[in-house]
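Peer 1: Please find run_7.cif (mmCIF, C-alpha atoms) on the next line:
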```cif
data_query
loop_
_atom_site.group_PDB
_atom_site.id
_atom_site.type_symbol
_atom_site.label_atom_id
_atom_site.label_comp_id
_atom_site.auth_asym_id
_atom_site.auth_seq_id
_atom_site.Cartn_x
_atom_site.Cartn_y
_atom_site.Cartn_z
ATOM 1 C CA MET A 1 -10.040 10.285 5.641
ATOM 2 C CA ARG A 2 -12.550 7.594 6.531
ATOM 3 C CA ILE A 3 -11.809 3.960 5.704
ATOM 4 C CA ASP A 4 -14.465 1.258 5.860
ATOM 5 C CA VAL A 5 -13.654 -2.428 5.567
ATOM 6 C CA LEU A 6 -16.116 -5.241 4.919
ATOM 7 C CA SER A 7 -14.674 -8.458 6.315
ATOM 8 C CA LEU A 8 -15.673 -11.756 7.894
ATOM 9 C CA PHE A 9 -12.793 -11.408 10.361
ATOM 10 C CA PRO A 10 -12.788 -7.926 11.960
ATOM 11 C CA SER A 11 -10.454 -9.037 14.764
ATOM 12 C CA MET A 12 -7.651 -9.424 12.216
ATOM 13 C CA PHE A 13 -7.493 -5.621 11.984
ATOM 14 C CA GLY A 14 -6.392 -5.198 15.601
ATOM 15 C CA PRO A 15 -2.784 -4.335 14.591
ATOM 16 C CA MET A 16 -4.115 -1.301 12.740
ATOM 17 C CA HIS A 17 -4.489 0.343 16.160
ATOM 18 C CA ASP A 18 -0.756 0.155 16.831
ATOM 19 C CA SER A 19 2.217 2.198 15.609
ATOM 20 C CA ILE A 20 1.792 5.161 13.245
ATOM 21 C CA VAL A 21 -1.676 4.205 11.992
ATOM 22 C CA GLY A 22 -2.865 3.729 15.569
ATOM 23 C CA LYS A 23 -1.634 7.189 16.528
ATOM 24 C CA ALA A 24 -3.412 8.668 13.503
ATOM 25 C CA LEU A 25 -6.626 7.017 14.681
ATOM 26 C CA GLU A 26 -6.143 8.392 18.190
ATOM 27 C CA ARG A 27 -5.638 11.911 16.820
ATOM 28 C CA ASP A 28 -8.704 11.603 14.549
ATOM 29 C CA GLU A 29 -6.555 12.140 11.472
ATOM 30 C CA LEU A 30 -7.988 8.873 10.218
ATOM 31 C CA GLU A 31 -11.245 6.985 10.796
ATOM 32 C CA LEU A 32 -11.281 3.205 10.425
ATOM 33 C CA GLU A 33 -14.339 1.003 10.843
ATOM 34 C CA VAL A 34 -14.410 -2.728 10.114
ATOM 35 C CA THR A 35 -17.819 -4.276 9.489
ATOM 36 C CA ASP A 36 -18.533 -8.001 9.718
ATOM 37 C CA PHE A 37 -20.777 -8.499 6.717
ATOM 38 C CA ARG A 38 -21.961 -11.832 8.141
ATOM 39 C CA GLN A 39 -24.166 -9.727 10.402
ATOM 40 C CA TYR A 40 -26.134 -8.712 7.316
ATOM 41 C CA SER A 41 -26.859 -12.250 6.133
ATOM 42 C CA THR A 42 -30.564 -13.064 5.826
ATOM 43 C CA ASP A 43 -29.799 -16.791 6.112
ATOM 44 C CA LYS A 44 -31.026 -18.225 9.413
ATOM 45 C CA HIS A 45 -27.623 -19.825 9.979
ATOM 46 C CA GLY A 46 -25.706 -16.680 9.052
ATOM 47 C CA ASN A 47 -24.194 -18.237 5.927
ATOM 48 C CA VAL A 48 -22.610 -15.834 3.449
ATOM 49 C CA ASP A 49 -21.418 -18.318 0.812
ATOM 50 C CA ASP A 50 -22.979 -20.838 -1.544
ATOM 51 C CA TYR A 51 -22.126 -23.226 -4.378
ATOM 52 C CA PRO A 52 -21.552 -21.680 -7.815
ATOM 53 C CA PHE A 53 -24.149 -22.106 -10.530
ATOM 54 C CA GLY A 54 -22.881 -24.541 -13.150
ATOM 55 C CA GLY A 55 -20.786 -26.437 -10.632
ATOM 56 C CA GLY A 56 -17.146 -26.147 -9.770
ATOM 57 C CA ALA A 57 -14.825 -26.340 -6.812
ATOM 58 C CA GLY A 58 -15.208 -24.191 -3.740
ATOM 59 C CA MET A 59 -17.779 -21.719 -2.500
ATOM 60 C CA LEU A 60 -18.570 -18.169 -3.562
ATOM 61 C CA LEU A 61 -19.437 -15.163 -1.424
ATOM 62 C CA GLN A 62 -23.085 -14.268 -1.960
ATOM 63 C CA ALA A 63 -24.098 -10.841 -3.161
ATOM 64 C CA GLN A 64 -26.831 -10.115 -0.591
ATOM 65 C CA PRO A 65 -24.761 -9.776 2.622
ATOM 66 C CA ILE A 66 -22.188 -7.555 0.936
ATOM 67 C CA PHE A 67 -24.778 -5.378 -0.797
ATOM 68 C CA ASP A 68 -26.636 -4.810 2.485
ATOM 69 C CA ALA A 69 -23.445 -4.211 4.479
ATOM 70 C CA MET A 70 -22.294 -1.742 1.845
ATOM 71 C CA ALA A 71 -25.579 0.154 1.997
ATOM 72 C CA ALA A 72 -25.328 0.419 5.785
ATOM 73 C CA THR A 73 -21.708 1.582 5.862
ATOM 74 C CA GLN A 74 -22.244 4.086 3.052
ATOM 75 C CA ALA A 75 -25.258 5.544 4.878
ATOM 76 C CA LYS A 76 -23.206 5.908 8.054
ATOM 77 C CA ALA A 77 -20.324 7.535 6.209
ATOM 78 C CA THR A 78 -22.631 9.968 4.438
ATOM 79 C CA ALA A 79 -24.312 10.869 7.725
ATOM 80 C CA SER A 80 -20.907 11.772 9.191
ATOM 81 C CA GLY A 81 -20.154 14.084 6.270
ATOM 82 C CA HIS A 82 -18.088 11.845 4.007
ATOM 83 C CA GLU A 83 -18.444 11.232 0.307
ATOM 84 C CA LYS A 84 -19.364 7.816 -1.079
ATOM 85 C CA GLY A 85 -15.776 7.505 -2.216
ATOM 86 C CA ARG A 86 -14.050 4.639 -3.957
ATOM 87 C CA VAL A 87 -14.809 0.992 -3.300
ATOM 88 C CA ILE A 88 -11.837 -1.355 -3.557
ATOM 89 C CA LEU A 89 -12.194 -5.060 -4.184
ATOM 90 C CA MET A 90 -9.196 -7.142 -3.160
ATOM 91 C CA ASP A 91 -8.841 -9.499 -6.109
ATOM 92 C CA PRO A 92 -5.952 -11.318 -7.864
ATOM 93 C CA ALA A 93 -7.322 -10.057 -11.186
ATOM 94 C CA GLY A 94 -6.969 -6.414 -10.138
ATOM 95 C CA VAL A 95 -4.284 -3.879 -10.960
ATOM 96 C CA PRO A 96 -1.035 -4.387 -9.008
ATOM 97 C CA PHE A 97 -0.742 -2.275 -5.877
ATOM 98 C CA THR A 98 2.132 0.204 -6.124
ATOM 99 C CA GLN A 99 3.227 3.402 -4.427
ATOM 100 C CA ARG A 100 1.550 5.368 -7.220
ATOM 101 C CA VAL A 101 -1.753 3.618 -6.486
ATOM 102 C CA ALA A 102 -1.319 4.407 -2.779
ATOM 103 C CA GLU A 103 -0.724 8.076 -3.587
ATOM 104 C CA ASP A 104 -3.844 8.132 -5.759
ATOM 105 C CA PHE A 105 -6.024 6.607 -3.029
ATOM 106 C CA ALA A 106 -4.551 8.961 -0.402
ATOM 107 C CA LYS A 107 -6.231 11.881 -2.188
ATOM 108 C CA GLU A 108 -9.688 10.490 -1.412
ATOM 109 C CA ASP A 109 -12.017 11.425 1.433
ATOM 110 C CA HIS A 110 -13.494 7.938 1.851
ATOM 111 C CA LEU A 111 -12.360 4.441 0.886
ATOM 112 C CA THR A 112 -14.149 1.121 1.327
ATOM 113 C CA PHE A 113 -12.351 -2.232 1.104
ATOM 114 C CA ILE A 114 -14.189 -5.475 0.384
ATOM 115 C CA CYS A 115 -12.251 -8.485 1.672
ATOM 116 C CA GLY A 116 -13.181 -11.778 0.131
ATOM 117 C CA HIS A 117 -12.807 -15.337 1.309
ATOM 118 C CA TYR A 118 -13.537 -18.765 -0.087
ATOM 119 C CA GLU A 119 -13.161 -19.416 -3.820
ATOM 120 C CA GLY A 120 -14.304 -15.997 -5.023
ATOM 121 C CA TYR A 121 -17.203 -13.572 -5.351
ATOM 122 C CA ASP A 122 -20.606 -13.608 -6.932
ATOM 123 C CA GLU A 123 -19.852 -11.542 -10.051
ATOM 124 C CA ARG A 124 -22.646 -9.091 -9.234
ATOM 125 C CA ILE A 125 -20.638 -7.776 -6.279
ATOM 126 C CA ARG A 126 -18.355 -6.079 -8.799
ATOM 127 C CA SER A 127 -21.175 -3.651 -9.642
ATOM 128 C CA LEU A 128 -20.465 -1.972 -6.266
ATOM 129 C CA VAL A 129 -16.774 -1.574 -6.990
ATOM 130 C CA THR A 130 -14.756 1.291 -8.462
ATOM 131 C CA ASP A 131 -11.298 -0.327 -8.210
ATOM 132 C CA GLU A 132 -9.999 -3.898 -8.219
ATOM 133 C CA VAL A 133 -6.521 -4.270 -6.713
ATOM 134 C CA SER A 134 -4.090 -7.169 -6.362
ATOM 135 C CA MET A 135 -1.252 -7.387 -3.853
ATOM 136 C CA GLY A 136 0.774 -9.692 -6.083
ATOM 137 C CA ASP A 137 0.876 -12.867 -8.115
ATOM 138 C CA TYR A 138 0.264 -15.282 -5.270
ATOM 139 C CA ILE A 139 -2.765 -16.681 -3.469
ATOM 140 C CA LEU A 140 -3.819 -15.799 0.083
ATOM 141 C CA THR A 141 -6.696 -17.188 2.116
ATOM 142 C CA GLY A 142 -8.502 -13.850 2.148
ATOM 143 C CA GLY A 143 -8.346 -10.145 1.440
ATOM 144 C CA GLU A 144 -7.689 -8.979 4.992
ATOM 145 C CA LEU A 145 -3.881 -8.969 4.915
ATOM 146 C CA PRO A 146 -3.700 -7.147 1.545
ATOM 147 C CA ALA A 147 -6.230 -4.595 2.802
ATOM 148 C CA MET A 148 -4.131 -3.933 5.913
ATOM 149 C CA VAL A 149 -1.009 -3.474 3.820
ATOM 150 C CA MET A 150 -2.820 -1.002 1.589
ATOM 151 C CA ILE A 151 -4.319 0.901 4.531
ATOM 152 C CA ASP A 152 -0.869 1.239 6.092
ATOM 153 C CA ALA A 153 0.697 2.467 2.837
ATOM 154 C CA ILE A 154 -2.132 4.935 2.206
ATOM 155 C CA SER A 155 -2.442 6.241 5.760
ATOM 156 C CA ARG A 156 1.201 7.275 6.075
ATOM 157 C CA LEU A 157 0.692 9.612 3.100
ATOM 158 C CA LEU A 158 -2.074 11.586 4.810
ATOM 159 C CA PRO A 159 -1.210 15.066 6.129
ATOM 160 C CA GLY A 160 -0.028 14.989 9.734
ATOM 161 C CA VAL A 161 0.214 11.199 10.041
ATOM 162 C CA LEU A 162 4.010 11.071 9.822
ATOM 163 C CA GLY A 163 5.865 13.153 12.378
ATOM 164 C CA ASN A 164 8.268 14.349 9.679
ATOM 165 C CA GLN A 165 6.375 15.254 6.513
ATOM 166 C CA GLU A 166 9.604 15.060 4.539
ATOM 167 C CA SER A 167 9.834 11.323 5.228
ATOM 168 C CA ALA A 168 7.223 10.066 2.755
ATOM 169 C CA PRO A 169 8.486 11.840 -0.395
ATOM 170 C CA GLY A 170 11.974 10.438 0.163
ATOM 171 C CA ASP A 171 10.898 6.836 0.661
ATOM 172 C CA SER A 172 11.754 4.106 -1.795
ATOM 173 C CA PHE A 173 9.337 4.099 -4.760
ATOM 174 C CA SER A 174 8.016 7.613 -3.999
ATOM 175 C CA THR A 175 10.733 9.033 -6.268
ATOM 176 C CA GLY A 176 10.647 6.021 -8.555
ATOM 177 C CA LEU A 177 14.084 4.979 -7.248
ATOM 178 C CA LEU A 178 15.123 2.836 -4.318
ATOM 179 C CA GLU A 179 16.206 4.792 -1.264
ATOM 180 C CA TYR A 180 19.886 5.588 -0.713
ATOM 181 C CA PRO A 181 21.833 4.016 2.218
ATOM 182 C CA GLN A 182 21.430 5.777 5.548
ATOM 183 C CA TYR A 183 23.461 5.766 8.772
ATOM 184 C CA THR A 184 23.217 6.985 12.351
ATOM 185 C CA ARG A 185 25.650 7.245 15.280
ATOM 186 C CA PRO A 186 28.305 6.068 15.964
ATOM 187 C CA ALA A 187 30.277 7.090 12.880
ATOM 188 C CA ASP A 188 32.517 4.043 13.324
ATOM 189 C CA PHE A 189 30.780 0.838 14.401
ATOM 190 C CA ARG A 190 33.036 -2.205 14.689
ATOM 191 C CA GLY A 191 35.241 -0.892 11.925
ATOM 192 C CA MET A 192 32.329 -0.099 9.606
ATOM 193 C CA LYS A 193 32.536 3.636 8.954
ATOM 194 C CA VAL A 194 29.985 6.138 7.736
ATOM 195 C CA PRO A 195 30.971 7.566 4.313
ATOM 196 C CA ASP A 196 33.012 10.743 4.804
ATOM 197 C CA VAL A 197 30.689 12.804 2.624
ATOM 198 C CA LEU A 198 27.806 12.374 5.077
ATOM 199 C CA ILE A 199 29.768 14.008 7.897
ATOM 200 C CA SER A 200 31.339 16.681 5.701
ATOM 201 C CA GLY A 201 28.607 19.250 6.267
ATOM 202 C CA ASN A 202 28.519 19.976 2.511
ATOM 203 C CA HIS A 203 24.809 19.595 1.731
ATOM 204 C CA GLN A 204 25.242 19.759 -2.025
ATOM 205 C CA LYS A 205 27.788 16.944 -1.987
ATOM 206 C CA ILE A 206 25.508 14.951 0.329
ATOM 207 C CA ASP A 207 22.563 15.391 -2.058
ATOM 208 C CA ASP A 208 24.735 14.366 -5.008
ATOM 209 C CA TRP A 209 26.003 11.288 -3.153
ATOM 210 C CA ARG A 210 22.459 10.255 -2.210
ATOM 211 C CA GLU A 211 21.264 10.674 -5.796
ATOM 212 C CA MET A 212 24.079 8.476 -7.082
ATOM 213 C CA GLN A 213 23.524 5.841 -4.417
ATOM 214 C CA SER A 214 19.788 5.700 -5.187
ATOM 215 C CA LEU A 215 20.540 5.226 -8.875
ATOM 216 C CA LYS A 216 23.199 2.618 -8.151
ATOM 217 C CA ARG A 217 21.005 0.615 -5.771
ATOM 218 C CA THR A 218 18.119 0.723 -8.234
ATOM 219 C CA LEU A 219 20.341 -0.364 -11.119
ATOM 220 C CA LEU A 220 21.703 -3.293 -9.138
ATOM 221 C CA ARG A 221 18.513 -4.450 -7.426
ATOM 222 C CA ARG A 222 15.534 -3.235 -9.476
ATOM 223 C CA PRO A 223 16.698 -2.215 -12.975
ATOM 224 C CA ASP A 224 13.099 -2.612 -14.175
ATOM 225 C CA LEU A 225 12.211 0.562 -12.266
ATOM 226 C CA LEU A 226 14.607 2.610 -14.386
ATOM 227 C CA ASP A 227 12.705 1.621 -17.521
ATOM 228 C CA GLN A 228 9.608 3.294 -16.073
ATOM 229 C CA LEU A 229 11.299 6.635 -15.350
ATOM 230 C CA THR A 230 12.008 9.714 -17.406
ATOM 231 C CA LEU A 231 15.548 10.390 -16.263
ATOM 232 C CA THR A 232 17.093 13.835 -16.231
ATOM 233 C CA GLY A 233 20.319 14.564 -18.090
ATOM 234 C CA ASP A 234 22.245 14.515 -14.813
ATOM 235 C CA GLN A 235 20.743 11.157 -13.839
ATOM 236 C CA LYS A 236 21.674 9.666 -17.209
ATOM 237 C CA ARG A 237 25.237 10.929 -16.764
ATOM 238 C CA LEU A 238 25.411 9.474 -13.264
ATOM 239 C CA LEU A 239 24.120 6.139 -14.516
ATOM 240 C CA ARG A 240 26.813 6.038 -17.180
ATOM 241 C CA ASP A 241 29.448 6.725 -14.527
ATOM 242 C CA ILE A 242 27.992 4.012 -12.300
ATOM 243 C CA GLN A 243 27.977 1.503 -15.148
ATOM 244 C CA ILE A 244 31.622 2.286 -15.963
ATOM 245 C CA GLU A 245 32.514 1.820 -12.286
ATOM 246 C CA LEU A 246 30.699 -1.527 -12.160
ATOM 247 C CA ASP A 247 32.307 -2.726 -15.405
ATOM 248 C CA GLU A 248 35.770 -1.847 -14.096
ATOM 249 C CA SER A 249 35.034 -3.670 -10.853
ATOM 250 C CA ASP A 250 33.955 -6.808 -12.741
ATOM 251 C CA ASN A 251 37.156 -6.756 -14.821
ATOM 252 C CA GLN A 252 39.463 -6.612 -11.829
#
```
Give the structure from the file, written as structure tokens.

Peer 2:
Amino acid sequence: MRIDVLSLFPSMFGPMHDSIVGKALERDELELEVTDFRQYSTDKHGNVDDYPFGGGAGMLLQAQPIFDAMAATQAKATASGHEKGRVILMDPAGVPFTQRVAEDFAKEDHLTFICGHYEGYDERIRSLVTDEVSMGDYILTGGELPAMVMIDAISRLLPGVLGNQESAPGDSFSTGLLEYPQYTRPADFRGMKVPDVLISGNHQKIDDWREMQSLKRTLLRRPDLLDQLTLTGDQKRLLRDIQIELDESDNQ
């Protein structure tokens, strides 16, 4: 996969060259190029923003620098054998970013992120865009941090990026449930012991325990996620058992 980013602050993406994403870049499993679209400004002072027509607070990013930067990056991507791909605008009005969105983007050959700053965008920039995505209901100073979060979430889903390919499908949200508790050695740490089932060697009982713990943790911490799932008969039965257990605990 190739990922292009249009940003006024390319140096912010330095951490992308560390950890798992950095190793993927080193192994050429992922291409990442950050373009400073200020370099494409035709203004003699290199300005990329201006006052909005009709008045109002703040400044807007102009269309021209982003249009020209987009044309240049798309030409370079095409020349290296990549498709035009999807263009993602980081915007509070976009669809919320979720694991499902990450999985959808991970299927693509080429992604381009447009990171805004200032008060907003010239509306005509949206004509370049295929997807508008929001990181959450809060305001940041720019789109760089959300773009990095998305790139990290997407990259780890690419083939070969994770050392253990079984890791991603079992993560929280990949199954629609929160992940079950996990432990490592020692089995007894300061009196806190690993559940006996995990050292029993009975893989079926371990799988059953993990399923119940995922359901229980989701019920307690993110019950809204359960409303979005089509639960199996076994999961519904387990949830009933968990609810009975919790009710009995509350009554003690």

Peer 1: Can you tell me how far CA of Leu246 in chain A sits from CA of Leu220 in chain A, in Å to one decimal?

Peer 2: 9.7 Å

Peer 1: For range 204-209 of chain A, list every protein, DNA or RNA residue within 12 Å, evaluated using all atoms listed in the file, and leave out those in the same chain fewer than 6 positions away; present the list as an MDAnalysis selection string.

Peer 2: chainID A and resid 170 179:182 195:198 215:216 234:235 238 242

Peer 1: What is the CA of Ala24 in chain A-CA of Val129 in chain A distance in Å, reported with one decimal?

Peer 2: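 Separation between CA of Ala24 in chain A and CA of Val129 in chain A: 26.5 Å.
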
Peer 1: Assuming the chain letters and numbering stay as they are in my file, what does the PyMOL selection byres ((chain A and resi 37-49) around 12) actually select? List them as a ChimeraX atom specification.

Peer 2: /A:4-10,34-36,50-52,58-73,113-122

Peer 1: Restricting the output to C-alpha atoms, write the selected residues as a PDB file, in the coordinates of the input.

Peer 2:
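Output contents, as saved in out_3.pdb:
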```pdb
ATOM      1  CA  ASP A   4     -14.465   1.258   5.860  1.00  0.00           C
ATOM      2  CA  VAL A   5     -13.654  -2.428   5.567  1.00  0.00           C
ATOM      3  CA  LEU A   6     -16.116  -5.241   4.919  1.00  0.00           C
ATOM      4  CA  SER A   7     -14.674  -8.458   6.315  1.00  0.00           C
ATOM      5  CA  LEU A   8     -15.673 -11.756   7.894  1.00  0.00           C
ATOM      6  CA  PHE A   9     -12.793 -11.408  10.361  1.00  0.00           C
ATOM      7  CA  PRO A  10     -12.788  -7.926  11.960  1.00  0.00           C
ATOM      8  CA  VAL A  34     -14.410  -2.728  10.114  1.00  0.00           C
ATOM      9  CA  THR A  35     -17.819  -4.276   9.489  1.00  0.00           C
ATOM     10  CA  ASP A  36     -18.533  -8.001   9.718  1.00  0.00           C
ATOM     11  CA  ASP A  50     -22.979 -20.838  -1.544  1.00  0.00           C
ATOM     12  CA  TYR A  51     -22.126 -23.226  -4.378  1.00  0.00           C
ATOM     13  CA  PRO A  52     -21.552 -21.680  -7.815  1.00  0.00           C
ATOM     14  CA  GLY A  58     -15.208 -24.191  -3.740  1.00  0.00           C
ATOM     15  CA  MET A  59     -17.779 -21.719  -2.500  1.00  0.00           C
ATOM     16  CA  LEU A  60     -18.570 -18.169  -3.562  1.00  0.00           C
ATOM     17  CA  LEU A  61     -19.437 -15.163  -1.424  1.00  0.00           C
ATOM     18  CA  GLN A  62     -23.085 -14.268  -1.960  1.00  0.00           C
ATOM     19  CA  ALA A  63     -24.098 -10.841  -3.161  1.00  0.00           C
ATOM     20  CA  GLN A  64     -26.831 -10.115  -0.591  1.00  0.00           C
ATOM     21  CA  PRO A  65     -24.761  -9.776   2.622  1.00  0.00           C
ATOM     22  CA  ILE A  66     -22.188  -7.555   0.936  1.00  0.00           C
ATOM     23  CA  PHE A  67     -24.778  -5.378  -0.797  1.00  0.00           C
ATOM     24  CA  ASP A  68     -26.636  -4.810   2.485  1.00  0.00           C
ATOM     25  CA  ALA A  69     -23.445  -4.211   4.479  1.00  0.00           C
ATOM     26  CA  MET A  70     -22.294  -1.742   1.845  1.00  0.00           C
ATOM     27  CA  ALA A  71     -25.579   0.154   1.997  1.00  0.00           C
ATOM     28  CA  ALA A  72     -25.328   0.419   5.785  1.00  0.00           C
ATOM     29  CA  THR A  73     -21.708   1.582   5.862  1.00  0.00           C
ATOM     30  CA  PHE A 113     -12.351  -2.232   1.104  1.00  0.00           C
ATOM     31  CA  ILE A 114     -14.189  -5.475   0.384  1.00  0.00           C
ATOM     32  CA  CYS A 115     -12.251  -8.485   1.672  1.00  0.00           C
ATOM     33  CA  GLY A 116     -13.181 -11.778   0.131  1.00  0.00           C
ATOM     34  CA  HIS A 117     -12.807 -15.337   1.309  1.00  0.00           C
ATOM     35  CA  TYR A 118     -13.537 -18.765  -0.087  1.00  0.00           C
ATOM     36  CA  GLU A 119     -13.161 -19.416  -3.820  1.00  0.00           C
ATOM     37  CA  GLY A 120     -14.304 -15.997  -5.023  1.00  0.00           C
ATOM     38  CA  TYR A 121     -17.203 -13.572  -5.351  1.00  0.00           C
ATOM     39  CA  ASP A 122     -20.606 -13.608  -6.932  1.00  0.00           C
TER      40      ASP A 122
END
```

Peer 1: Report, in Å to a single decimal, how far apart CA of Met148 in chain A and CA of Ser11 in chain A are.

Peer 2: 12.0 Å

Peer 1: Neighbouring residues of Arg156 in chain A were defined as those with any atom within 8 Å, considering only C-alpha atoms; residues of the same chain fewer than 4 positions away were excluded. Please report them as a count of residues only.

Peer 2: 6

Peer 1: Can you spell out as JSON, numbers by chain the set of residues that the PyMOL selection byres ((chain A and resi 86) around 7) selects in the structure I just provided?

Peer 2: {"A": [84, 85, 87, 88, 110, 111, 112, 130]}

Peer 1: With C-alpha atoms retained, write the just-selected residues as a CSV table (one decimal), keeping the file's coordinate frame.

Peer 2:
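Listing of out_33.csv after writing:
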```csv
chain,number,residue,atom,x,y,z
A,84,LYS,CA,-19.4,7.8,-1.1
A,85,GLY,CA,-15.8,7.5,-2.2
A,87,VAL,CA,-14.8,1.0,-3.3
A,88,ILE,CA,-11.8,-1.4,-3.6
A,110,HIS,CA,-13.5,7.9,1.9
A,111,LEU,CA,-12.4,4.4,0.9
A,112,THR,CA,-14.1,1.1,1.3
A,130,THR,CA,-14.8,1.3,-8.5
```

Peer 1: Choose the residue, out of A:Ser155, A:Thr175, A:Ser214, A:Asn202, that has the smallest atom-to-atom separation from Lys23 in chain A; count all atoms listed in the file.

Peer 2: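 Comparing A:Ser155, A:Thr175, A:Ser214, A:Asn202 against Lys23 in chain A, the winner is A:Ser155.
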
Peer 1: Skipping near chain neighbours, those fewer than 3 positions away, what residues fall within 8 Å of Ile154 in chain A using all atoms listed in the file, listed as number ranges by chain?

Peer 2: A: 102-103, 105-106, 150-151, 157-158

Peer 1: Which residues are close to Leu177 in chain A, i.e. within 9 Å by all atoms listed in the file, leaving aside same-chain residues fewer than 6 positions away? Reply as an MDAnalysis selection string.

Peer 2: chainID A and resid 171 214:215 217:218 222 225:226 229

Peer 1: Would you mind telling me which residue in A:Pro186, A:Gly233, A:Pro15, A:Gly191 lies nearest to Leu145 in chain A when using only C-alpha atoms?

Peer 2: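 Nearest to Leu145 in chain A: A:Pro15.
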